[in-house]
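Have a look at the structure below before the remarks.
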Amino acid sequence: MESEPSSKKEIDATCLKFVARAQKEPCLHVMVEVLRVIAAFLGKEARWLEGCECHEDIHTMKSSFTSRKRLYMEVSGGCSVCPWKGKRSAEMARGRLSHILIGLHQCSSPRLQMLIARTTGPVRTKALELMQRLRSRLSESLTAKLEFWNHIPWSFCGIWDMGWKPAAALGQPLHLSDSRHKMLTRAVLEYDNLIAAKLKADIPRTAHKLFGPGVLRNAIDFLISLHCMRCHT
């Protein structure tokens, strides 16, 4: 067996010295728990994004992946993957980002609270500053990357209702809830305001197809007016 390169040995030795030095730090355990809490929260949100609204109860069960998959196959008649899995655009357009940011600023753990309570003033301050710094930077990053869900054409996804699928299969009319009616009205108003401001070139092409003059816009206007008529009867 060939010996390891000297550079690798040097790197390993440096890492071991760094770890040994870190283990002697009085704030190590609390700092690691801060990182674990943040990582656990982000992991939970990532798993939510990989799930689906129609099987939320199964995705959020405290059991192994194998157990959840077996249960899903039982309730779906043998299907291994839901066709809606990972399709979270409707929830994202309905404000999931706000839920994520609130959860990020509130996430903690009993162990973290215990460690903070037991540490000295400087260590406690250092841990709390790390937590606040991570929360602030992650909030800025997530907002910058996901804020587009609040604008057209992506906000249009928020009007989708899971109840429409069985209603359409039964030939029943599709109704807008009050919250979805407000979202649709806000999307139309955003488009019309951009057009009025002569910013047509800045509007995504899909938004033009949805809200510009044509069959789809006529259908959207009809849905909005129909909801208003129901509210006044």
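So you can find residues: chains in the structure tokens are A, B, ... in the order shown, residues in each start at 1, and ligands are numbered from 1 in order.
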
Within 12 Å of stretch 178-182 of chain A: each stretch 18-132 of chain A residue with its shortest pair, only C-alpha atoms, as a Markdown table:
| residue | atom | partner | partner_atom | distance |
| --- | --- | --- | --- | --- |
| A:Ala90 | CA | A:Arg180 | CA | 10.5 |
| A:Glu91 | CA | A:Arg180 | CA | 11.5 |
| A:Ala93 | CA | A:Arg180 | CA | 10.5 |
| A:Arg94 | CA | A:Arg180 | CA | 8.5 |
| A:Gly95 | CA | A:Ser179 | CA | 11.5 |

Would you put the residues from that selection into a file with N, CA and C atoms, as a PDB file, in the first residue's frame?
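Okay, result31.pdb is ready:
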ATOM      1  N   ALA A  90     -48.130  26.816  -5.597  1.00  0.00           N
ATOM      2  CA  ALA A  90     -49.335  27.453  -5.065  1.00  0.00           C
ATOM      3  C   ALA A  90     -49.100  27.964  -3.648  1.00  0.00           C
ATOM      4  N   GLU A  91     -48.493  27.127  -2.804  1.00  0.00           N
ATOM      5  CA  GLU A  91     -48.232  27.540  -1.425  1.00  0.00           C
ATOM      6  C   GLU A  91     -47.183  28.648  -1.355  1.00  0.00           C
ATOM      7  N   ALA A  93     -46.643  30.923  -3.608  1.00  0.00           N
ATOM      8  CA  ALA A  93     -47.287  32.161  -4.047  1.00  0.00           C
ATOM      9  C   ALA A  93     -48.256  32.701  -3.003  1.00  0.00           C
ATOM     10  N   ARG A  94     -48.712  31.833  -2.112  1.00  0.00           N
ATOM     11  CA  ARG A  94     -49.647  32.274  -1.075  1.00  0.00           C
ATOM     12  C   ARG A  94     -48.926  32.710   0.207  1.00  0.00           C
ATOM     13  N   GLY A  95     -47.628  32.901   0.139  1.00  0.00           N
ATOM     14  CA  GLY A  95     -46.914  33.500   1.261  1.00  0.00           C
ATOM     15  C   GLY A  95     -46.106  32.562   2.123  1.00  0.00           C
TER      16      GLY A  95
END

Give one line per residue of stretch 83-171 of chain A that approaches stretch 191-197 of chain A to at most 12 Å, naming the two atoms of the closest pair and their distance in Å to one decimal, counting only C-alpha atoms; sort by chain then ascending residue number and deliver it as JSON lines.
{"residue": "A:His151", "atom": "CA", "partner": "A:Tyr191", "partner_atom": "CA", "distance": 9.3}
{"residue": "A:Ile152", "atom": "CA", "partner": "A:Tyr191", "partner_atom": "CA", "distance": 7.3}
{"residue": "A:Pro153", "atom": "CA", "partner": "A:Tyr191", "partner_atom": "CA", "distance": 8.9}
{"residue": "A:Ser155", "atom": "CA", "partner": "A:Tyr191", "partner_atom": "CA", "distance": 11.3}
{"residue": "A:Phe156", "atom": "CA", "partner": "A:Tyr191", "partner_atom": "CA", "distance": 11.2}

What are the nearest atom pairs, with distances in Å to one decimal, for all residues of stretch 29-102 of chain A that come at most 12 Å from stretch 138-150 of chain A, using only C-alpha atoms, set out by chain and rising residue number as a tab-separated table?
residue	atom	partner	partner_atom	distance
A:Ile38	CA	A:Leu138	CA	9.7
A:Ala39	CA	A:Leu138	CA	11.2
A:Phe41	CA	A:Leu138	CA	11.7
A:Leu42	CA	A:Leu138	CA	9.9
A:Glu45	CA	A:Leu142	CA	11.9
A:Arg88	CA	A:Trp149	CA	11.2
A:Ser89	CA	A:Trp149	CA	8.2
A:Ala90	CA	A:Trp149	CA	9.4
A:Glu91	CA	A:Trp149	CA	9.7
A:Met92	CA	A:Trp149	CA	6.4
A:Ala93	CA	A:Trp149	CA	5.0
A:Arg94	CA	A:Asn150	CA	8.1
A:Gly95	CA	A:Asn150	CA	7.6
A:Arg96	CA	A:Trp149	CA	9.3
A:Leu97	CA	A:Leu146	CA	7.0
A:Ser98	CA	A:Thr143	CA	9.0
A:His99	CA	A:Ser139	CA	11.5
A:Ile100	CA	A:Leu142	CA	8.9
A:Leu101	CA	A:Ser139	CA	6.2
A:Ile102	CA	A:Ser139	CA	9.4

Inset, instruction - Per DSSP on the backbone, filter stretch 73-192 of chain A down to the residues in helix (DSSP H, G or I) and report them as number ranges by chain. - result: A: 73-75, 89-106, 110-118, 121-150, 154-159, 164-169, 178-192

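Checking A:Leu210, A:Leu176, A:Leu49, A:Met31 one by one against A:Ser225, counting only C-alpha atoms, you find the shortest gap at A:Leu176.
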